[in-house]
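**Q** I am sharing run23.pdb, which consists of PDB, C-alpha atoms, pLDDT in the B column:
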```pdb
ATOM      1  CA  MET A   1      18.109  10.472  14.869  1.00 91.00           C
ATOM      2  CA  LYS A   2      19.699   7.881  12.624  1.00 91.00           C
ATOM      3  CA  LEU A   3      21.896   7.880   9.523  1.00 92.00           C
ATOM      4  CA  GLY A   4      20.493   6.509   6.296  1.00 94.00           C
ATOM      5  CA  LYS A   5      20.685   6.289   2.549  1.00 95.00           C
ATOM      6  CA  VAL A   6      17.767   6.817   0.168  1.00 96.00           C
ATOM      7  CA  ILE A   7      17.388   3.633  -1.893  1.00 96.00           C
ATOM      8  CA  GLY A   8      14.061   4.161  -3.605  1.00 96.00           C
ATOM      9  CA  THR A   9      10.609   5.701  -3.820  1.00 96.00           C
ATOM     10  CA  VAL A  10       7.069   4.596  -2.915  1.00 96.00           C
ATOM     11  CA  VAL A  11       3.950   5.683  -4.806  1.00 95.00           C
ATOM     12  CA  THR A  12       0.468   5.274  -3.319  1.00 94.00           C
ATOM     13  CA  VAL A  13      -2.925   5.128  -5.041  1.00 94.00           C
ATOM     14  CA  ARG A  14      -4.954   6.056  -1.950  1.00 93.00           C
ATOM     15  CA  GLU A  15      -3.719   7.593   1.253  1.00 93.00           C
ATOM     16  CA  VAL A  16      -4.863   9.504   4.312  1.00 92.00           C
ATOM     17  CA  ASN A  17      -5.549  13.205   3.529  1.00 90.00           C
ATOM     18  CA  GLN A  18      -2.531  14.359   5.543  1.00 88.00           C
ATOM     19  CA  TYR A  19      -0.207  12.617   3.061  1.00 88.00           C
ATOM     20  CA  GLN A  20      -1.283  14.698   0.098  1.00 86.00           C
ATOM     21  CA  GLY A  21       1.702  16.519  -1.350  1.00 85.00           C
ATOM     22  CA  CYS A  22       4.159  14.418   0.671  1.00 89.00           C
ATOM     23  CA  LYS A  23       7.038  12.504  -0.897  1.00 93.00           C
ATOM     24  CA  LEU A  24       7.665   8.984   0.384  1.00 95.00           C
ATOM     25  CA  LEU A  25      11.133   7.484   0.139  1.00 97.00           C
ATOM     26  CA  LEU A  26      12.636   4.093   0.953  1.00 97.00           C
ATOM     27  CA  VAL A  27      15.465   4.522   3.443  1.00 96.00           C
ATOM     28  CA  GLN A  28      18.143   2.033   4.406  1.00 96.00           C
ATOM     29  CA  GLU A  29      19.639   2.814   7.790  1.00 94.00           C
ATOM     30  CA  VAL A  30      23.455   2.823   7.702  1.00 92.00           C
ATOM     31  CA  ASP A  31      26.241   3.289  10.243  1.00 89.00           C
ATOM     32  CA  GLU A  32      28.963   5.966  10.151  1.00 84.00           C
ATOM     33  CA  SER A  33      30.980   3.924   7.637  1.00 85.00           C
ATOM     34  CA  GLY A  34      28.032   3.316   5.337  1.00 87.00           C
ATOM     35  CA  ARG A  35      27.262  -0.298   6.269  1.00 92.00           C
ATOM     36  CA  ASP A  36      23.591  -1.347   6.228  1.00 93.00           C
ATOM     37  CA  VAL A  37      21.843  -1.581   9.596  1.00 91.00           C
ATOM     38  CA  ASP A  38      18.476  -3.352   9.963  1.00 90.00           C
ATOM     39  CA  GLU A  39      15.860  -3.407   7.212  1.00 92.00           C
ATOM     40  CA  PRO A  40      14.731  -0.592   4.900  1.00 95.00           C
ATOM     41  CA  LEU A  41      11.745   1.519   5.920  1.00 96.00           C
ATOM     42  CA  VAL A  42       9.509   4.145   4.327  1.00 97.00           C
ATOM     43  CA  ALA A  43       9.941   7.775   5.431  1.00 96.00           C
ATOM     44  CA  ILE A  44       8.339  11.145   4.670  1.00 94.00           C
ATOM     45  CA  ASP A  45      10.794  13.487   2.973  1.00 94.00           C
ATOM     46  CA  THR A  46      11.019  17.053   4.301  1.00 91.00           C
ATOM     47  CA  VAL A  47      14.341  18.152   2.751  1.00 91.00           C
ATOM     48  CA  ASP A  48      13.935  17.238  -0.922  1.00 92.00           C
ATOM     49  CA  ALA A  49      16.261  14.222  -0.769  1.00 94.00           C
ATOM     50  CA  GLY A  50      16.675  12.013  -3.831  1.00 92.00           C
ATOM     51  CA  ILE A  51      17.697   8.465  -4.619  1.00 94.00           C
ATOM     52  CA  GLY A  52      21.281   7.945  -3.426  1.00 93.00           C
ATOM     53  CA  SER A  53      21.199  10.834  -0.923  1.00 93.00           C
ATOM     54  CA  HIS A  54      22.868  10.278   2.431  1.00 93.00           C
ATOM     55  CA  ILE A  55      20.486  11.579   5.035  1.00 94.00           C
ATOM     56  CA  PHE A  56      19.568  11.549   8.683  1.00 93.00           C
ATOM     57  CA  PHE A  57      16.063  10.778   9.838  1.00 93.00           C
ATOM     58  CA  VAL A  58      13.893  10.784  12.956  1.00 93.00           C
ATOM     59  CA  THR A  59      11.659   7.951  13.997  1.00 92.00           C
ATOM     60  CA  ALA A  60       8.691   7.552  16.340  1.00 88.00           C
ATOM     61  CA  ARG A  61       6.708  10.489  17.700  1.00 85.00           C
ATOM     62  CA  GLU A  62       9.018  13.224  16.461  1.00 87.00           C
ATOM     63  CA  ALA A  63       8.462  12.175  12.848  1.00 88.00           C
ATOM     64  CA  ALA A  64       4.870  13.401  13.088  1.00 85.00           C
ATOM     65  CA  MET A  65       6.220  16.902  13.806  1.00 85.00           C
ATOM     66  CA  ALA A  66       8.722  17.022  10.949  1.00 86.00           C
ATOM     67  CA  VAL A  67       6.629  19.149   8.598  1.00 83.00           C
ATOM     68  CA  PRO A  68       6.315  22.674  10.072  1.00 80.00           C
ATOM     69  CA  GLY A  69       2.779  23.685  10.933  1.00 80.00           C
ATOM     70  CA  ARG A  70       1.287  20.286  10.182  1.00 82.00           C
ATOM     71  CA  SER A  71       0.798  17.044  12.022  1.00 83.00           C
ATOM     72  CA  ILE A  72       1.539  14.142   9.690  1.00 88.00           C
ATOM     73  CA  PRO A  73       0.776  10.519  10.565  1.00 91.00           C
ATOM     74  CA  ALA A  74       4.333   9.254  10.120  1.00 93.00           C
ATOM     75  CA  ASP A  75       6.738   7.225  12.229  1.00 93.00           C
ATOM     76  CA  ALA A  76       9.823   8.087  10.142  1.00 95.00           C
ATOM     77  CA  ALA A  77      10.839  11.373   8.508  1.00 92.00           C
ATOM     78  CA  ILE A  78      13.972  12.498   6.673  1.00 93.00           C
ATOM     79  CA  VAL A  79      15.074  15.737   8.309  1.00 90.00           C
ATOM     80  CA  GLY A  80      18.566  16.394   6.927  1.00 90.00           C
ATOM     81  CA  ILE A  81      20.988  15.708   4.100  1.00 90.00           C
ATOM     82  CA  VAL A  82      24.433  14.490   5.193  1.00 90.00           C
ATOM     83  CA  GLU A  83      27.442  15.805   3.256  1.00 87.00           C
ATOM     84  CA  GLU A  84      29.956  13.594   4.998  1.00 82.00           C
ATOM     85  CA  THR A  85      30.715  11.674   8.161  1.00 81.00           C
ATOM     86  CA  LYS A  86      34.352  11.869   9.224  1.00 79.00           C
TER      87      LYS A  86
ATOM     88  CA  MET B  87       6.462   3.309   7.995  1.00 96.00           C
ATOM     89  CA  ILE B  88       6.750  -0.259   6.799  1.00 96.00           C
ATOM     90  CA  LEU B  89       5.415  -2.024   3.726  1.00 97.00           C
ATOM     91  CA  GLY B  90       3.094  -4.975   4.271  1.00 97.00           C
ATOM     92  CA  ARG B  91       0.506  -7.085   2.503  1.00 96.00           C
ATOM     93  CA  VAL B  92      -3.073  -7.260   3.790  1.00 96.00           C
ATOM     94  CA  THR B  93      -3.736 -10.937   4.433  1.00 94.00           C
ATOM     95  CA  ALA B  94      -7.066 -10.976   6.304  1.00 93.00           C
ATOM     96  CA  ARG B  95      -9.915  -8.985   7.721  1.00 92.00           C
ATOM     97  CA  VAL B  96     -10.035  -9.031  11.500  1.00 89.00           C
ATOM     98  CA  VAL B  97     -13.599  -9.128  12.771  1.00 88.00           C
ATOM     99  CA  ALA B  98     -14.107  -8.146  16.386  1.00 85.00           C
ATOM    100  CA  THR B  99     -17.512  -7.348  17.809  1.00 83.00           C
ATOM    101  CA  LEU B 100     -16.395  -6.579  21.323  1.00 82.00           C
ATOM    102  CA  LYS B 101     -13.728  -3.887  21.208  1.00 85.00           C
ATOM    103  CA  HIS B 102     -12.610  -0.622  22.777  1.00 84.00           C
ATOM    104  CA  PRO B 103     -14.888   2.258  21.637  1.00 84.00           C
ATOM    105  CA  ALA B 104     -11.913   3.971  19.911  1.00 86.00           C
ATOM    106  CA  PHE B 105     -12.013   1.243  17.224  1.00 85.00           C
ATOM    107  CA  LYS B 106     -15.628   1.932  16.195  1.00 86.00           C
ATOM    108  CA  ARG B 107     -15.019   3.994  13.052  1.00 88.00           C
ATOM    109  CA  TYR B 108     -12.463   1.888  11.216  1.00 91.00           C
ATOM    110  CA  GLY B 109     -12.160  -1.762  10.239  1.00 92.00           C
ATOM    111  CA  LEU B 110      -9.244  -3.889  11.357  1.00 93.00           C
ATOM    112  CA  LEU B 111      -6.954  -5.701   8.950  1.00 94.00           C
ATOM    113  CA  ALA B 112      -4.147  -8.185   9.449  1.00 92.00           C
ATOM    114  CA  VAL B 113      -0.987  -7.038   7.655  1.00 95.00           C
ATOM    115  CA  ARG B 114       2.062  -9.209   7.120  1.00 95.00           C
ATOM    116  CA  PRO B 115       5.292  -7.205   6.707  1.00 95.00           C
ATOM    117  CA  VAL B 116       7.046  -7.688   3.350  1.00 96.00           C
ATOM    118  CA  ASN B 117      10.705  -7.350   2.416  1.00 94.00           C
ATOM    119  CA  ILE B 118      12.043  -4.892  -0.130  1.00 93.00           C
ATOM    120  CA  SER B 119      11.096  -7.181  -3.047  1.00 92.00           C
ATOM    121  CA  GLY B 120       7.553  -7.729  -1.767  1.00 93.00           C
ATOM    122  CA  GLY B 121       8.032 -11.212  -0.293  1.00 94.00           C
ATOM    123  CA  LEU B 122       6.168 -11.984   2.933  1.00 94.00           C
ATOM    124  CA  LYS B 123       8.379 -11.973   6.014  1.00 93.00           C
ATOM    125  CA  GLU B 124       8.314 -14.770   8.561  1.00 90.00           C
ATOM    126  CA  GLY B 125       6.937 -13.938  11.963  1.00 87.00           C
ATOM    127  CA  GLY B 126       3.870 -12.231  13.292  1.00 89.00           C
ATOM    128  CA  VAL B 127       1.236 -10.111  11.638  1.00 92.00           C
ATOM    129  CA  ILE B 128       0.283  -6.566  12.543  1.00 93.00           C
ATOM    130  CA  VAL B 129      -3.314  -5.694  13.348  1.00 93.00           C
ATOM    131  CA  ALA B 130      -3.920  -2.208  11.964  1.00 94.00           C
ATOM    132  CA  ILE B 131      -6.892   0.112  11.583  1.00 95.00           C
ATOM    133  CA  ASN B 132      -7.784   0.777   7.970  1.00 96.00           C
ATOM    134  CA  ALA B 133      -7.634   4.542   7.322  1.00 95.00           C
ATOM    135  CA  ALA B 134      -6.932   4.226   3.567  1.00 96.00           C
ATOM    136  CA  GLN B 135      -9.711   1.953   2.258  1.00 96.00           C
ATOM    137  CA  ALA B 136      -7.308  -0.958   1.796  1.00 97.00           C
ATOM    138  CA  GLY B 137      -8.502  -4.441   0.875  1.00 96.00           C
ATOM    139  CA  ILE B 138      -7.196  -7.980   1.080  1.00 95.00           C
ATOM    140  CA  GLY B 139      -4.138  -8.457  -1.147  1.00 96.00           C
ATOM    141  CA  ASP B 140      -3.142  -4.768  -1.192  1.00 96.00           C
ATOM    142  CA  ILE B 141       0.397  -3.679  -0.390  1.00 97.00           C
ATOM    143  CA  VAL B 142       0.011  -0.978   2.237  1.00 97.00           C
ATOM    144  CA  LEU B 143       1.997   1.523   4.280  1.00 97.00           C
ATOM    145  CA  VAL B 144       1.629   0.910   7.998  1.00 96.00           C
ATOM    146  CA  ASN B 145       2.414   3.720  10.393  1.00 95.00           C
ATOM    147  CA  GLN B 146       3.258   2.526  13.892  1.00 93.00           C
ATOM    148  CA  GLU B 147       3.264   5.563  16.091  1.00 92.00           C
ATOM    149  CA  GLY B 148       0.656   6.327  18.684  1.00 90.00           C
ATOM    150  CA  LYS B 149       0.361  10.117  18.442  1.00 89.00           C
ATOM    151  CA  SER B 150      -0.513  10.035  14.738  1.00 89.00           C
ATOM    152  CA  ALA B 151      -2.848   7.107  15.296  1.00 90.00           C
ATOM    153  CA  ARG B 152      -4.758   9.028  17.939  1.00 89.00           C
ATOM    154  CA  ALA B 153      -4.938  12.072  15.655  1.00 90.00           C
ATOM    155  CA  ILE B 154      -6.452   9.954  12.876  1.00 90.00           C
ATOM    156  CA  VAL B 155      -9.232   8.530  15.029  1.00 89.00           C
ATOM    157  CA  GLY B 156      -9.663  11.911  16.741  1.00 90.00           C
ATOM    158  CA  ILE B 157      -9.696  10.429  20.246  1.00 88.00           C
ATOM    159  CA  LYS B 158      -6.968  11.723  22.524  1.00 86.00           C
ATOM    160  CA  ASP B 159      -6.443   8.603  24.617  1.00 87.00           C
ATOM    161  CA  ALA B 160      -7.241   5.954  21.993  1.00 87.00           C
ATOM    162  CA  PRO B 161      -5.242   2.755  22.634  1.00 90.00           C
ATOM    163  CA  ILE B 162      -4.193   2.534  18.979  1.00 90.00           C
ATOM    164  CA  ARG B 163      -0.711   2.396  17.472  1.00 90.00           C
ATOM    165  CA  SER B 164      -0.839   0.761  14.010  1.00 94.00           C
ATOM    166  CA  VAL B 165      -2.661   2.507  11.159  1.00 95.00           C
ATOM    167  CA  ILE B 166      -2.793   1.788   7.435  1.00 96.00           C
ATOM    168  CA  VAL B 167      -2.097   5.248   6.005  1.00 96.00           C
ATOM    169  CA  GLY B 168      -1.676   4.411   2.315  1.00 96.00           C
ATOM    170  CA  VAL B 169      -2.322   1.828  -0.378  1.00 97.00           C
ATOM    171  CA  VAL B 170       0.782   1.350  -2.503  1.00 97.00           C
ATOM    172  CA  ASP B 171       0.666   1.342  -6.304  1.00 96.00           C
ATOM    173  CA  HIS B 172       4.357   0.597  -6.864  1.00 96.00           C
ATOM    174  CA  TRP B 173       7.768   1.132  -5.348  1.00 96.00           C
ATOM    175  CA  GLU B 174      11.248   1.339  -6.695  1.00 95.00           C
ATOM    176  CA  GLU B 175      14.517   0.276  -5.044  1.00 93.00           C
ATOM    177  CA  ASN B 176      18.004   0.310  -6.515  1.00 87.00           C
ATOM    178  CA  GLY B 177      16.538   0.771  -9.983  1.00 88.00           C
ATOM    179  CA  ARG B 178      14.030  -2.136  -9.778  1.00 93.00           C
ATOM    180  CA  THR B 179      10.321  -1.357  -9.887  1.00 95.00           C
ATOM    181  CA  HIS B 180       7.896  -3.532  -7.941  1.00 95.00           C
ATOM    182  CA  ASN B 181       4.177  -3.454  -8.647  1.00 92.00           C
ATOM    183  CA  SER B 182       1.841  -4.153  -5.734  1.00 86.00           C
ATOM    184  CA  ARG B 183      -0.197  -6.588  -7.800  1.00 82.00           C
ATOM    185  CA  GLU B 184       2.792  -8.805  -8.623  1.00 72.00           C
TER     186      GLU B 184
END
```
Using the file provided, produce a representation of the structure as structure tokens.
**A**
Amino acid sequence: MKLGKVIGTVVTVREVNQYQGCKLLLVQEVDESGRDVDEPLVAIDTVDAGIGSHIFFVTAREAAMAVPGRSIPADAAIVGIVEETK
Amino acid sequence: MILGRVTARVVATLKHPAFKRYGLLAVRPVNISGGLKEGGVIVAINAAQAGIGDIVLVNQEGKSARAIVGIKDAPIRSVIVGVVDHWEENGRTHNSRE
């Protein structure tokens, strides 16, 4: 898992069926002191995060399992909201 | 997933049977403002009826790719899973047709 910050939203006009009802957010990976790491990516939201939320997210195969009971074609998914890192 | 712009259709007659159902597109990754990034392009199967010029979401994970084509050992990793209308970052809205 990685730390990140929600910096925006993405809206699609057409998508695979499995994406229906899913929220897509732009995530900037950050380190424990909040500095940007790498480039932003698009992730499925499973915890009702919003713009500005500090979150942690999974990438690769595990992202496809982030929504209980469904298999979603995703390589990044937000799976938690971070209150603080200390 | 990453954002990219579809830059070309990739035509391949001879290919692994797993690629039969979907077309192949070349996608160039874009930065957060929609500008094309330097470097290589991604060849992705088109599961979202994307066309040349569209900004798309590319998923690069094998398990989901195999689920989409419905073949358990398909040698596929990159799939276009959505066509983007617009995105917003730090209060700025970007339209895919810009």
**Q** Once you count all atoms listed in the file, which residues of chain A turn out to be within 6 Å of chain B? Could you give them as a list in words?
**A**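 Putting it all together, I get Ile7, Gly8, Thr9, Val10, Val11, Thr12, Val13, Arg14, Glu15, Val16, Leu41, Val42, Ala60, Pro73, Ala74 and Asp75 of chain A.
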**Q** Taking all atoms listed in the file into account, which of A:Val47, A:Thr85, A:Pro40, A:Ser71 comes nearest Pro115 in chain B?
**A** A:Pro40
**Q** State, in Å with one decimal place, the distance from CA of Ala130 in chain B to CA of Met1 in chain A.
**A**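 Pair CA of Ala130 in chain B / CA of Met1 in chain A returns 25.6 Å.
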**Q** For the file shown, report as number ranges by chain the outcome of the PyMOL selection byres ((chain A and resi 32) around 12) at residue level.
**A** A: 2-5, 29-31, 33-37, 54-56, 82, 84-86
**Q** List as a list in words the protein and nucleic acid residues near Asp48 in chain A, meaning an atom at most 12 Å away when all atoms listed in the file are counted, but skip any in the same chain fewer than 3 places from it.
**A**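 The contact residues come out as Val6, Cys22, Lys23, Leu24, Leu25, Ile44, Asp45, Ile51, Ser53, His54, Ile55, Ala77, Ile78, Val79, Gly80 and Ile81 of chain A.
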**Q** Measure the distance from CA of Arg183 in chain B to CA of Val129 in chain B in Å and round it to one decimal.
**A**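 CA of Arg183 in chain B sits 21.4 Å away from CA of Val129 in chain B.
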**Q** Between B:Pro161, B:Gly139, B:Gly121, B:Gly90, which one has atoms that come closest to Pro103 in chain B, using only C-alpha atoms?
**A**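 Residue with the minimum atom-to-atom distance to Pro103 in chain B: B:Pro161.
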**Q** Measure the distance from CA of Gly125 in chain B to CA of Asp38 in chain A in Å and round it to one decimal.
**A** 15.8 Å
